[in-house]
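Reproduced below: data-v8.cif, with mmCIF, C-alpha atoms and all ligand atoms.
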```cif
data_upload
loop_
_atom_site.label_atom_id
_atom_site.label_comp_id
_atom_site.auth_asym_id
_atom_site.auth_seq_id
_atom_site.Cartn_x
_atom_site.Cartn_y
_atom_site.Cartn_z
CA MET A 1 -40.73 -27.06 -59.33
CA SER A 2 -42.35 -28.94 -62.20
CA ALA A 3 -42.31 -27.81 -65.82
CA ARG A 4 -46.05 -27.00 -65.60
CA GLN A 5 -45.50 -24.32 -62.99
CA MET A 6 -42.88 -22.44 -64.99
CA THR A 7 -44.02 -19.27 -66.73
CA ILE A 8 -42.25 -17.62 -69.64
CA LEU A 9 -43.02 -14.02 -70.52
CA ILE A 10 -42.54 -13.12 -74.18
CA ILE A 11 -42.40 -9.37 -74.87
CA GLU A 12 -42.66 -9.09 -78.65
CA ASP A 13 -44.69 -6.74 -80.84
CA SER A 14 -44.83 -9.00 -83.93
CA SER A 15 -47.74 -11.41 -83.81
CA THR A 16 -45.95 -13.61 -86.35
CA VAL A 17 -42.99 -14.08 -84.02
CA GLN A 18 -45.41 -14.61 -81.11
CA ARG A 19 -47.08 -17.45 -83.04
CA THR A 20 -43.72 -18.96 -83.99
CA MET A 21 -42.65 -18.98 -80.34
CA GLU A 22 -45.95 -20.49 -79.23
CA LYS A 23 -45.58 -23.32 -81.75
CA GLY A 24 -41.91 -23.93 -80.99
CA LEU A 25 -42.47 -24.07 -77.22
CA ALA A 26 -45.71 -26.06 -77.17
CA SER A 27 -43.96 -29.38 -76.55
CA LEU A 28 -42.16 -28.08 -73.40
CA GLY A 29 -45.42 -27.56 -71.48
CA TYR A 30 -44.60 -24.15 -69.96
CA THR A 31 -47.19 -21.44 -69.36
CA LEU A 32 -46.61 -18.72 -71.97
CA VAL A 33 -47.62 -15.10 -71.46
CA PHE A 34 -47.38 -12.58 -74.33
CA SER A 35 -46.99 -8.81 -74.10
CA SER A 36 -46.88 -6.66 -77.22
CA SER A 37 -44.78 -3.81 -75.84
CA GLY A 38 -42.18 -3.01 -73.22
CA GLU A 39 -44.75 -1.03 -71.23
CA GLU A 40 -47.23 -3.91 -71.25
CA GLY A 41 -44.52 -6.37 -70.20
CA LEU A 42 -43.45 -4.16 -67.30
CA GLN A 43 -47.05 -3.82 -66.19
CA TYR A 44 -47.41 -7.61 -66.16
CA LEU A 45 -44.20 -7.96 -64.13
CA ASP A 46 -45.50 -5.50 -61.53
CA GLN A 47 -48.23 -8.00 -60.65
CA HIS A 48 -46.77 -11.41 -61.49
CA SER A 49 -43.55 -13.31 -61.18
CA VAL A 50 -42.16 -15.26 -64.13
CA ASP A 51 -39.33 -17.74 -64.60
CA MET A 52 -37.87 -16.49 -67.85
CA ILE A 53 -38.30 -13.56 -70.23
CA PHE A 54 -37.85 -13.27 -73.99
CA LEU A 55 -37.51 -9.68 -75.04
CA ASP A 56 -37.73 -8.19 -78.53
CA VAL A 57 -35.36 -5.28 -79.20
CA GLU A 58 -37.28 -3.33 -81.86
CA MET A 59 -40.66 -2.35 -80.48
CA PRO A 60 -42.84 0.77 -80.55
CA GLY A 61 -42.57 2.71 -77.29
CA ILE A 62 -39.64 1.77 -75.07
CA ASN A 63 -37.29 -0.60 -76.86
CA GLY A 64 -35.89 -3.89 -75.57
CA PHE A 65 -32.65 -2.42 -74.18
CA GLU A 66 -34.51 0.12 -72.07
CA THR A 67 -37.11 -2.46 -71.01
CA ALA A 68 -34.32 -4.82 -69.86
CA ARG A 69 -32.72 -2.03 -67.84
CA ILE A 70 -36.02 -1.24 -66.09
CA ILE A 71 -36.75 -4.92 -65.38
CA ARG A 72 -33.33 -5.37 -63.79
CA SER A 73 -33.70 -2.33 -61.58
CA ARG A 74 -37.21 -3.31 -60.47
CA LEU A 75 -36.46 -6.97 -59.82
CA ASP A 76 -33.37 -5.86 -57.95
CA SER A 77 -31.91 -8.90 -56.16
CA GLN A 78 -34.29 -11.36 -57.79
CA TRP A 79 -32.71 -12.90 -60.87
CA VAL A 80 -34.76 -13.97 -63.91
CA PRO A 81 -33.03 -14.86 -67.19
CA ILE A 82 -33.74 -12.41 -70.00
CA VAL A 83 -33.04 -13.51 -73.59
CA MET A 84 -33.06 -10.81 -76.23
CA LEU A 85 -34.77 -11.43 -79.61
CA THR A 86 -33.19 -9.47 -82.46
CA SER A 87 -32.58 -9.48 -86.17
CA ASN A 88 -29.46 -7.39 -85.66
CA ALA A 89 -26.56 -9.83 -85.37
CA SER A 90 -23.86 -7.17 -84.91
CA ASP A 91 -21.33 -7.44 -82.07
CA GLU A 92 -22.28 -3.95 -80.98
CA SER A 93 -25.96 -4.79 -80.59
CA TYR A 94 -25.10 -7.98 -78.71
CA GLU A 95 -22.87 -6.08 -76.29
CA LYS A 96 -25.50 -3.42 -75.79
CA GLY A 97 -28.05 -6.10 -74.92
CA ILE A 98 -25.82 -7.73 -72.33
CA ASP A 99 -24.92 -4.32 -70.86
CA SER A 100 -28.58 -3.44 -70.47
CA GLY A 101 -29.16 -6.57 -68.37
CA CYS A 102 -29.93 -9.40 -70.83
CA ASP A 103 -28.25 -12.78 -70.35
CA ASP A 104 -28.25 -14.04 -73.93
CA TYR A 105 -29.73 -13.39 -77.37
CA LEU A 106 -31.42 -15.18 -80.23
CA ILE A 107 -31.20 -14.09 -83.84
CA LYS A 108 -34.41 -13.98 -85.87
CA PRO A 109 -35.64 -16.00 -87.68
CA ILE A 110 -35.67 -18.20 -84.62
CA SER A 111 -34.86 -21.88 -84.91
CA TYR A 112 -37.11 -24.09 -82.75
CA GLY A 113 -34.24 -26.33 -81.72
CA VAL A 114 -32.03 -23.48 -80.51
CA LEU A 115 -35.02 -21.87 -78.75
CA ARG A 116 -35.83 -25.03 -76.78
CA ALA A 117 -32.17 -25.72 -76.01
CA LYS A 118 -31.70 -22.21 -74.58
CA ILE A 119 -34.80 -22.57 -72.42
CA LYS A 120 -33.66 -25.93 -71.04
CA ALA A 121 -30.22 -24.54 -70.23
CA PHE A 122 -31.60 -21.44 -68.49
CA MET A 123 -34.21 -23.39 -66.54
CA ARG A 124 -31.40 -25.55 -65.14
CA ILE A 125 -29.68 -22.41 -63.89
CA VAL A 126 -32.95 -21.00 -62.54
CA LYS A 127 -33.58 -24.17 -60.51
CA MET A 128 -30.04 -24.21 -59.14
CA HIS A 129 -30.28 -20.51 -58.29
CA ARG A 130 -33.55 -21.03 -56.40
CA ARG A 131 -32.25 -24.00 -54.47
CA LEU A 132 -29.25 -22.00 -53.32
CA LEU A 133 -31.49 -19.10 -52.36
CA HIS A 134 -33.72 -21.36 -50.25
CA GLU A 135 -30.74 -22.91 -48.53
CA TYR A 136 -29.38 -19.46 -47.83
CA GLN A 137 -32.71 -18.34 -46.35
CA ASP A 138 -32.92 -21.49 -44.20
CA LEU A 139 -29.42 -20.80 -42.92
CA GLN A 140 -30.33 -17.23 -42.11
CA THR A 141 -33.39 -18.32 -40.12
CA LEU A 142 -31.36 -20.97 -38.36
CA SER A 143 -28.56 -18.59 -37.45
CA ALA A 144 -31.04 -16.19 -35.80
CA ARG A 145 -32.28 -18.91 -33.43
CA ASP A 146 -30.98 -20.60 -30.35
CA GLY A 147 -30.40 -24.28 -31.08
CA LEU A 148 -31.85 -25.69 -27.86
CA THR A 149 -34.98 -23.62 -27.30
CA GLY A 150 -35.85 -22.22 -30.73
CA CYS A 151 -36.02 -18.70 -29.29
CA PHE A 152 -34.17 -15.98 -31.15
CA ASN A 153 -30.55 -15.66 -30.13
CA ARG A 154 -29.05 -12.69 -28.39
CA GLU A 155 -27.38 -11.24 -31.46
CA TYR A 156 -30.56 -11.23 -33.53
CA PHE A 157 -32.49 -9.82 -30.57
CA SER A 158 -30.05 -6.94 -30.09
CA ASP A 159 -29.99 -6.14 -33.80
CA ARG A 160 -33.77 -6.04 -34.05
CA ALA A 161 -34.15 -3.93 -30.90
CA ASP A 162 -31.39 -1.49 -31.88
CA GLU A 163 -32.89 -1.14 -35.32
CA TYR A 164 -36.26 -0.35 -33.78
CA LEU A 165 -34.79 2.07 -31.21
CA SER A 166 -32.90 4.06 -33.81
CA GLY A 167 -36.30 5.11 -35.20
CA THR A 168 -38.42 5.10 -32.01
CA PRO A 169 -36.26 5.81 -28.94
CA GLU A 170 -39.11 5.95 -26.40
CA ASN A 171 -42.28 4.07 -25.41
CA HIS A 172 -40.87 0.57 -25.04
CA SER A 173 -40.32 -2.03 -22.34
CA ALA A 174 -37.88 -4.87 -21.81
CA ILE A 175 -38.47 -8.00 -19.74
CA LEU A 176 -35.65 -10.17 -18.36
CA ILE A 177 -36.51 -13.62 -17.02
CA ASP A 178 -34.29 -15.92 -14.98
CA ILE A 179 -35.19 -19.41 -13.80
CA ASP A 180 -34.94 -19.71 -10.01
CA TYR A 181 -32.44 -22.16 -8.50
CA PHE A 182 -31.67 -23.69 -11.84
CA LYS A 183 -28.23 -24.84 -10.78
CA LYS A 184 -29.92 -26.89 -8.08
CA TYR A 185 -32.35 -28.22 -10.69
CA ASN A 186 -29.45 -29.48 -12.80
CA ASP A 187 -27.72 -30.89 -9.74
CA THR A 188 -30.90 -32.75 -8.73
CA TYR A 189 -32.24 -34.01 -12.05
CA GLY A 190 -29.20 -33.91 -14.33
CA HIS A 191 -28.23 -31.67 -17.22
CA LEU A 192 -30.36 -33.43 -19.84
CA ILE A 193 -33.57 -33.01 -17.87
CA GLY A 194 -32.35 -29.46 -17.27
CA ASP A 195 -32.28 -28.96 -21.03
CA GLU A 196 -35.83 -30.29 -21.29
CA CYS A 197 -36.94 -27.85 -18.62
CA LEU A 198 -35.33 -24.97 -20.51
CA LYS A 199 -37.17 -25.97 -23.67
CA GLN A 200 -40.54 -26.08 -21.90
CA VAL A 201 -40.02 -22.77 -20.13
CA ALA A 202 -38.94 -21.20 -23.44
CA LYS A 203 -42.09 -22.50 -25.12
CA ALA A 204 -44.28 -21.12 -22.34
CA ILE A 205 -42.60 -17.71 -22.71
CA MET A 206 -43.00 -17.67 -26.48
CA GLN A 207 -46.66 -18.62 -26.14
CA SER A 208 -47.18 -15.79 -23.66
CA ALA A 209 -45.78 -13.10 -25.94
CA ARG A 210 -48.03 -11.16 -28.25
CA HIS A 211 -47.58 -12.32 -31.77
CA ASP A 212 -47.35 -8.94 -33.43
CA GLY A 213 -43.64 -8.42 -33.20
CA ASP A 214 -42.54 -9.12 -29.62
CA VAL A 215 -39.08 -10.61 -29.91
CA VAL A 216 -38.30 -13.38 -27.42
CA CYS A 217 -34.70 -14.44 -27.04
CA ARG A 218 -32.59 -16.78 -25.00
CA TYR A 219 -30.38 -14.19 -23.42
CA GLY A 220 -27.99 -16.54 -21.66
CA GLY A 221 -27.97 -19.98 -20.02
CA GLU A 222 -31.30 -19.94 -18.16
CA GLU A 223 -32.19 -16.33 -18.92
CA PHE A 224 -34.66 -15.04 -21.46
CA ALA A 225 -35.36 -11.52 -22.69
CA LEU A 226 -38.26 -9.81 -24.43
CA PHE A 227 -38.32 -6.45 -26.11
CA LEU A 228 -41.78 -4.91 -26.30
CA SER A 229 -42.26 -1.99 -28.64
CA ASN A 230 -45.09 0.47 -27.98
CA THR A 231 -45.59 -0.90 -24.48
CA ASP A 232 -45.87 0.87 -21.13
CA LEU A 233 -45.04 -0.62 -17.73
CA GLU A 234 -48.57 -1.78 -16.97
CA SER A 235 -48.95 -3.59 -20.30
CA ALA A 236 -45.50 -5.14 -19.89
CA ARG A 237 -46.55 -6.31 -16.44
CA VAL A 238 -49.58 -8.03 -17.96
CA VAL A 239 -47.26 -9.92 -20.35
CA ALA A 240 -44.92 -10.81 -17.45
CA GLN A 241 -47.83 -12.08 -15.35
CA ARG A 242 -49.02 -14.23 -18.24
CA ILE A 243 -45.51 -15.65 -18.58
CA CYS A 244 -45.40 -16.50 -14.85
CA ARG A 245 -48.83 -18.13 -15.03
CA ASN A 246 -47.85 -20.20 -18.04
CA VAL A 247 -44.58 -21.32 -16.46
CA ALA A 248 -46.44 -22.24 -13.28
CA ALA A 249 -48.96 -24.20 -15.36
CA LEU A 250 -46.10 -26.38 -16.64
CA ALA A 251 -45.86 -27.62 -13.03
CA ILE A 252 -42.33 -28.94 -13.51
CA PRO A 253 -41.34 -30.50 -10.16
CA HIS A 254 -38.30 -28.87 -8.53
CA LYS A 255 -37.77 -30.42 -5.14
CA ALA A 256 -34.52 -28.54 -4.51
CA SER A 257 -36.05 -25.11 -5.02
CA GLU A 258 -36.17 -22.94 -1.93
CA VAL A 259 -39.27 -21.01 -3.05
CA ALA A 260 -41.72 -23.59 -4.41
CA ASP A 261 -42.23 -27.25 -5.27
CA CYS A 262 -42.13 -26.47 -8.98
CA VAL A 263 -39.92 -24.50 -11.35
CA THR A 264 -40.44 -20.75 -10.94
CA ILE A 265 -39.00 -17.65 -12.54
CA SER A 266 -37.99 -14.17 -11.44
CA VAL A 267 -38.80 -11.31 -13.75
CA GLY A 268 -37.39 -7.79 -14.14
CA ILE A 269 -39.18 -5.21 -16.25
CA PHE A 270 -37.90 -1.86 -17.36
CA SER A 271 -40.21 0.52 -19.11
CA ASN A 272 -39.17 3.75 -20.76
CA GLN A 273 -41.82 6.13 -21.97
CA GLN A 274 -40.04 9.47 -22.10
CA SER A 275 -36.28 9.34 -22.30
CA ARG A 276 -34.62 8.94 -25.65
CA LEU A 277 -32.74 5.66 -25.49
CA THR A 278 -31.36 4.70 -28.86
CA SER A 279 -29.60 1.48 -27.90
CA LEU A 280 -30.66 -1.67 -26.09
CA LYS A 281 -27.77 -1.69 -23.61
CA PRO A 282 -29.03 0.80 -20.99
CA ILE A 283 -32.53 -0.67 -21.29
CA LEU A 284 -31.35 -4.18 -20.53
CA SER A 285 -29.10 -3.08 -17.72
CA ALA A 286 -32.09 -1.35 -16.12
CA ALA A 287 -34.20 -4.51 -16.59
CA ASP A 288 -31.32 -6.46 -15.07
CA ALA A 289 -31.38 -4.19 -12.02
CA ALA A 290 -35.10 -4.96 -11.65
CA LEU A 291 -34.40 -8.69 -12.01
CA TYR A 292 -31.70 -8.46 -9.37
CA GLU A 293 -34.22 -6.86 -7.04
CA ALA A 294 -36.73 -9.67 -7.74
CA LYS A 295 -34.06 -12.22 -6.80
CA ALA A 296 -33.04 -10.30 -3.69
CA LYS A 297 -36.64 -10.01 -2.51
CA GLY A 298 -37.04 -13.79 -2.52
CA ARG A 299 -37.45 -14.87 -6.21
CA ASN A 300 -40.64 -16.12 -7.93
CA GLN A 301 -41.86 -12.56 -8.50
CA ILE A 302 -42.01 -9.64 -10.89
CA ILE A 303 -40.35 -6.26 -10.29
CA GLY A 304 -41.05 -3.38 -12.65
CA LEU A 305 -39.07 -0.16 -12.96
CA ASP A 306 -40.09 3.00 -14.76
CA ALA A 307 -37.57 5.33 -16.38
CA GLN A 308 -37.33 8.69 -14.70
CA PRO A 309 -37.46 11.45 -17.28
CA LEU A 310 -33.92 12.66 -17.93
CA SER A 311 -33.01 16.12 -16.76
CA ALA A 312 -31.74 18.43 -19.44
CA LEU A 313 -28.17 19.56 -19.96
CA VAL A 314 -27.98 22.75 -21.98
CA VAL A 315 -24.83 23.59 -23.94
CA LEU A 316 -24.37 27.11 -25.28
CA THR A 317 -21.89 26.86 -28.12
CA GLN A 318 -21.29 27.57 -31.77
CA SER A 319 -19.15 24.42 -32.11
CA PRO A 320 -21.14 21.40 -30.87
CA GLY A 321 -18.38 19.22 -32.36
CA ASN A 322 -16.09 20.26 -29.47
CA PHE A 323 -18.45 18.43 -27.13
CA LYS A 324 -18.57 15.16 -29.00
CA SER A 325 -16.84 13.07 -26.37
CA LEU A 326 -18.98 14.60 -23.64
CA LEU A 327 -22.05 13.69 -25.62
CA LYS A 328 -20.97 10.07 -25.75
CA THR A 329 -20.47 9.66 -22.03
CA VAL A 330 -23.47 11.54 -20.65
CA LYS A 331 -26.14 10.98 -23.28
CA HIS A 332 -27.84 8.26 -21.23
CA ASN A 333 -28.09 10.48 -18.18
CA PHE A 334 -29.17 13.76 -19.71
CA ASP A 335 -31.26 15.13 -22.50
CA LEU A 336 -28.67 17.21 -24.31
CA LEU A 337 -29.76 20.47 -25.82
CA PHE A 338 -27.42 22.61 -27.91
CA LEU A 339 -28.08 26.34 -28.30
CA ASP A 340 -26.12 28.77 -30.45
CA ASP A 341 -27.86 31.95 -29.41
CA LEU A 342 -27.84 33.64 -25.99
CA ALA A 343 -31.37 34.96 -26.61
CA ASP A 344 -32.68 31.38 -26.94
CA LEU A 345 -31.29 30.59 -23.52
CA GLY A 346 -33.63 33.12 -21.89
CA GLU A 347 -36.63 31.53 -23.56
CA ILE A 348 -35.58 27.94 -22.88
CA ALA A 349 -35.13 28.72 -19.19
CA ASP A 350 -38.87 29.43 -18.96
CA GLU A 351 -39.83 26.14 -20.60
CA ILE A 352 -37.32 23.45 -19.79
CA HIS A 353 -36.19 22.27 -16.41
CA PHE A 354 -32.40 22.17 -16.33
CA LYS A 355 -29.80 22.35 -13.59
CA ILE A 356 -26.55 22.57 -15.53
CA LEU A 357 -25.53 24.92 -18.31
CA ILE A 358 -22.28 24.54 -20.20
CA VAL A 359 -20.98 27.68 -21.87
CA ASP A 360 -18.08 27.60 -24.29
CA SER A 361 -15.46 30.35 -24.39
CA ALA A 362 -17.08 32.11 -27.36
CA PHE A 363 -20.11 32.89 -25.19
CA SER A 364 -18.62 33.27 -21.73
CA ALA A 365 -17.94 37.04 -21.86
CA ARG A 366 -21.40 37.78 -23.22
CA LEU A 367 -23.09 35.66 -20.57
CA ARG A 368 -21.07 37.16 -17.71
CA THR A 369 -22.29 40.63 -18.72
CA ASN A 370 -25.94 39.75 -19.36
CA GLN A 371 -27.47 40.49 -15.98
CA VAL A 372 -31.03 39.59 -17.05
CA ILE A 373 -30.11 36.05 -17.97
CA LEU A 374 -27.77 35.70 -14.99
CA ASN A 375 -30.62 36.67 -12.69
CA LYS A 376 -32.85 34.11 -14.29
CA LEU A 377 -30.22 31.37 -13.95
CA GLU A 378 -29.78 32.34 -10.32
CA THR A 379 -33.52 32.07 -9.65
CA LEU A 380 -33.50 28.61 -11.17
CA SER A 381 -30.25 27.74 -9.29
CA VAL A 382 -28.55 26.52 -12.45
CA SER A 383 -24.85 25.66 -12.20
CA VAL A 384 -22.95 27.34 -15.01
CA VAL A 385 -19.90 25.49 -16.27
CA PHE A 386 -17.54 27.66 -18.29
CA SER A 387 -15.63 25.51 -20.72
CA ASP A 388 -12.30 26.42 -22.32
CA PRO A 389 -11.73 25.96 -26.08
CA ALA A 390 -10.44 22.42 -25.52
CA GLY A 391 -13.69 21.38 -23.83
CA VAL A 392 -12.19 21.34 -20.32
CA VAL A 393 -13.74 23.13 -17.35
CA ALA A 394 -12.38 26.67 -16.88
CA GLU A 395 -14.60 27.57 -13.96
CA VAL A 396 -17.94 26.61 -12.42
CA HIS A 397 -20.36 29.18 -11.11
CA ASP A 398 -22.96 28.07 -8.61
CA PHE A 399 -25.17 30.94 -7.55
CA ASP A 400 -25.75 29.56 -4.08
CA GLU A 401 -22.01 29.23 -3.50
CA THR A 402 -19.08 31.26 -4.70
CA ALA A 403 -17.40 30.59 -8.02
CA ARG A 404 -15.85 27.11 -7.69
CA ALA A 405 -12.34 27.41 -9.05
CA ASP A 406 -11.51 23.90 -7.80
CA PHE A 407 -13.27 22.43 -10.84
CA GLY A 408 -10.88 24.35 -13.10
CA GLY A 409 -8.85 22.12 -15.40
CA GLN A 410 -11.08 19.10 -14.67
CA PRO A 411 -12.61 17.11 -17.51
CA LEU A 412 -16.19 18.18 -18.24
CA GLU A 413 -17.59 14.66 -17.81
CA SER A 414 -16.52 14.17 -14.21
CA SER A 415 -17.39 17.74 -13.22
CA ILE A 416 -20.89 17.35 -14.59
CA ARG A 417 -21.36 14.08 -12.78
CA ALA A 418 -20.20 15.71 -9.54
CA LEU A 419 -22.56 18.65 -10.05
CA ALA A 420 -25.48 16.39 -10.95
CA GLY A 421 -24.58 14.40 -7.81
P1 LIG A 501 -30.89 -18.02 -9.13
O1 LIG A 501 -32.17 -18.43 -8.49
O2 LIG A 501 -30.17 -17.00 -8.32
O3 LIG A 501 -31.08 -17.59 -10.53
O4 LIG A 501 -29.97 -19.30 -9.09
P2 LIG A 501 -29.54 -20.21 -10.30
O5 LIG A 501 -29.01 -21.47 -9.77
O6 LIG A 501 -30.64 -20.33 -11.29
O7 LIG A 501 -28.44 -19.31 -11.00
P3 LIG A 501 -26.96 -19.62 -11.41
O8 LIG A 501 -26.60 -18.48 -12.30
O9 LIG A 501 -26.13 -19.87 -10.19
O10 LIG A 501 -27.02 -20.93 -12.25
C1 LIG A 501 -27.52 -20.99 -13.53
C2 LIG A 501 -27.46 -22.42 -13.97
O11 LIG A 501 -28.01 -22.60 -15.28
C3 LIG A 501 -26.07 -22.93 -14.02
C4 LIG A 501 -25.96 -23.65 -15.34
O12 LIG A 501 -25.42 -24.92 -15.18
C5 LIG A 501 -27.38 -23.72 -15.83
N1 LIG A 501 -27.44 -23.70 -17.28
C6 LIG A 501 -27.05 -22.70 -18.11
N2 LIG A 501 -27.25 -23.06 -19.39
C7 LIG A 501 -27.77 -24.30 -19.38
C8 LIG A 501 -28.18 -25.21 -20.41
O13 LIG A 501 -28.10 -24.93 -21.61
N3 LIG A 501 -28.67 -26.41 -20.01
C9 LIG A 501 -28.77 -26.76 -18.71
N4 LIG A 501 -29.26 -27.92 -18.40
N5 LIG A 501 -28.38 -25.92 -17.73
C10 LIG A 501 -27.89 -24.72 -18.04
MG MG A 502 -40.23 -5.96 -82.95
MG MG A 503 -28.96 -16.59 -14.30
MG MG A 504 -31.28 -18.59 -12.29
#
```
Mind turning this structure into structure tokens?
Ligand code: GH3
Ligand code: MG
Ligand code: MG
Ligand code: MG
Amino acid sequence: MSARQMTILIIEDSSTVQRTMEKGLASLGYTLVFSSSGEEGLQYLDQHSVDMIFLDVEMPGINGFETARIIRSRLDSQWVPIVMLTSNASDESYEKGIDSGCDDYLIKPISYGVLRAKIKAFMRIVKMHRRLLHEYQDLQTLSARDGLTGCFNREYFSDRADEYLSGTPENHSAILIDIDYFKKYNDTYGHLIGDECLKQVAKAIMQSARHDGDVVCRYGGEEFALFLSNTDLESARVVAQRICRNVAALAIPHKASEVADCVTISVGIFSNQQSRLTSLKPILSAADAALYEAKAKGRNQIIGLDAQPLSALVVLTQSPGNFKSLLKTVKHNFDLLFLDDLADLGEIADEIHFKILIVDSAFSARLRTNQVILNKLETLSVSVVFSDPAGVVAEVHDFDETARADFGGQPLESSIRALAG
């Protein structure tokens, strides 16, 4: 950062003071930009970045205090020194300036020597501040990456995916990749060559990913994971095939492999288009199941799994809070739908496919006496679980069997799993 590149913005309505500043600062070689009002200065800052700001207090339009406040709120985390220019030397005015976001002040008439000294002192702080910021950013980038392969690490990967899923819980795919017979590779060629192999495979995977936001991570020792937003199974398969081709093209000899002469990978894909999955965990465990299948079927291949749409679980209650713990344990297996009106249930039954209905005690008497809805539930062979006020099963009514009192007193979670069978 040379002196030539530094820009100082001077917001000052008096052209006399502007000229004084220009003369006093000429020898320092900074780029000077003048604005004659707070509004004009703010407009300039919307489009440009500067290294230091001098700010007059008395100006037509918004005054210096207000301008400083707005600059601070707009620049937010970015720090630029602001030095107030004022002819009011009172303690009160000084304090007001600092409180509104200024860092220092100069009393008019301005002495050239003091002006230059203040600039030199602040520029030292600016440089130090920027260096620390860069180092901090470098550290952040570094801490998101795996040291050996340069892929993102698992923590960063999970955070990014979870962040994405919290806004878009469907229409995504995950790919898990595991190098085949890598223990044998290490045993044959040694751990250092093993590391080299990992680096090359990682590079091939990263080069195979699309560059618009696919996150590639080293998931574990010789395992890699990709999260693909807005991607269906067929598109994910295309990415996986490209990865396999690129790994094969490396042609890394692996004489101990039982499937090929060169290093190969097994790939599991899970794609979810319909269910609402708001965290990465169930997605990766499904991709892991696919990977397991690829290994079991002989390795060096891709297995893709599609999510089955979740069946719905309807809860008729005026206190959804009572079912909080239930929600936690079954939310990955069911689409939960809460209703607080018996009339809605009749309508829903025509539109949504569901096999289990939970009814809390506030609704149980009304449901038991509503023959129209009962008939409908019977036609659809819905199991009705009557819950007591504590959220424990009171009774289950299956229309094809008799009332099943043996569920009574059981926790809802296990009863629902048994019914969903
Ligand atoms: P499979 O085909 O079933 O995946 O067999 P595998 O041998 O690849 O699987 P296993 O899980 O038995 O072994 C994984 C090996 O990966 C064991 C471990 O020494 C090696 N590994 C894990 N991390 C590293 C690493 O950072 N560098 C090297 N060189 N090897 C690693
Ligand atoms: Mg003025
Ligand atoms: Mg493994
Ligand atoms: Mg392996």
Exercise for review: Kindly work out which residues sit at most 8 Å from ligand LIG 501 (chain A), using only C-alpha atoms and all ligand atoms, and give the list as a ChimeraX atom specification.
Suggested key: /A:148,178-186,190-198,220-222,265-266,295,299
Could you make a table, as CSV, of the residues of chain A that have an atom within 10 Å of an atom of ligand MG 502 (chain A), each with its nearest atom pair and distance in Å to one decimal, counting all atoms listed in the file, in chain and number order?
```
residue,atom,partner,partner_atom,distance
A:Ile11,CA,A:MG502,MG,9.0
A:Glu12,CA,A:MG502,MG,5.8
A:Asp13,CA,A:MG502,MG,5.0
A:Ser14,CA,A:MG502,MG,5.6
A:Ser15,CA,A:MG502,MG,9.3
A:Val17,CA,A:MG502,MG,8.6
A:Ser36,CA,A:MG502,MG,8.8
A:Ser37,CA,A:MG502,MG,8.7
A:Leu55,CA,A:MG502,MG,9.2
A:Asp56,CA,A:MG502,MG,5.5
A:Val57,CA,A:MG502,MG,6.2
A:Glu58,CA,A:MG502,MG,4.1
A:Met59,CA,A:MG502,MG,4.4
A:Pro60,CA,A:MG502,MG,7.6
A:Asn63,CA,A:MG502,MG,8.6
A:Gly64,CA,A:MG502,MG,8.8
A:Leu85,CA,A:MG502,MG,8.4
A:Thr86,CA,A:MG502,MG,7.9
A:Ser87,CA,A:MG502,MG,9.0
```
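Of the listed residues (A:Glu39, A:Asp340, A:Glu223, A:Asp187), A:Glu223 comes nearest to ligand MG 504 (chain A); the distances count all atoms listed in the file.
With all atoms listed in the file as the atoms that count, the residue of A:Lys120, A:Asp350, A:Ser381, A:Ile71 with the shortest distance to Gly29 of chain A is A:Lys120.
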Exercise for review: Would you list the residues near (-31.1, 1.0, -19.3) (no more than 12 Å away, in the coordinates of the file, using all atoms listed in the file) as a VMD selection string?
Suggested key: chain A and resid 169 to 170 172 to 175 268 to 272 275 to 290 305 to 308 331 to 333
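Nearest-residue note for Arg19 of chain A: choosing from A:Ser387, A:Gln200, A:Val33, A:Ala343, the minimum distance belongs to A:Val33, counting all atoms listed in the file.
Distances to Val359 of chain A were evaluated for A:Val372, A:Leu226, A:Val385, A:Val114 using only C-alpha atoms, and the minimum falls at A:Val385.
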Practice item. Compute the distance from (-42.0, -4.9, -57.7) to each atom, counting only C-alpha atoms, keep the residues with any atom at most 10 Å away, and return them as an NGL selection string; use the coordinates of the file. Key: :A and (42-43 or 45-49 or 71 or 73-76)
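The interatomic distance for the pair atom CA of Leu336 of chain A and atom CA of Ala362 of chain A works out to 19.1 Å.
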**Study point:** Selected residue, from A:Leu250, A:Leu313, A:Ala418, A:Ile177, that lies nearest to ligand MG 504 (chain A) when counting only C-alpha atoms and all ligand atoms
**Key:** A:Ile177
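We find atom CA of Ser257 of chain A and atom CA of Lys199 of chain A to be spaced 18.7 Å apart.
Excluding segment 410-413 of chain A itself and any same-chain residue fewer than 3 positions from it, the protein and nucleic acid residues within 7 Å of it, counting all atoms listed in the file, are A:Leu326, A:Gly391, A:Val392, A:Val393, A:Phe407, A:Ile416, A:Arg417.
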With C-alpha atoms retained, export the selected residues as a short mmCIF file (atom, residue, chain, number, x, y, z; two decimals), keeping the file's coordinate frame.
```
data_model
loop_
_atom_site.label_atom_id
_atom_site.label_comp_id
_atom_site.auth_asym_id
_atom_site.auth_seq_id
_atom_site.Cartn_x
_atom_site.Cartn_y
_atom_site.Cartn_z
CA LEU A 326 -18.98 14.60 -23.64
CA GLY A 391 -13.69 21.38 -23.83
CA VAL A 392 -12.19 21.34 -20.32
CA VAL A 393 -13.74 23.13 -17.35
CA PHE A 407 -13.27 22.43 -10.84
CA ILE A 416 -20.89 17.35 -14.59
CA ARG A 417 -21.36 14.08 -12.78
#
```
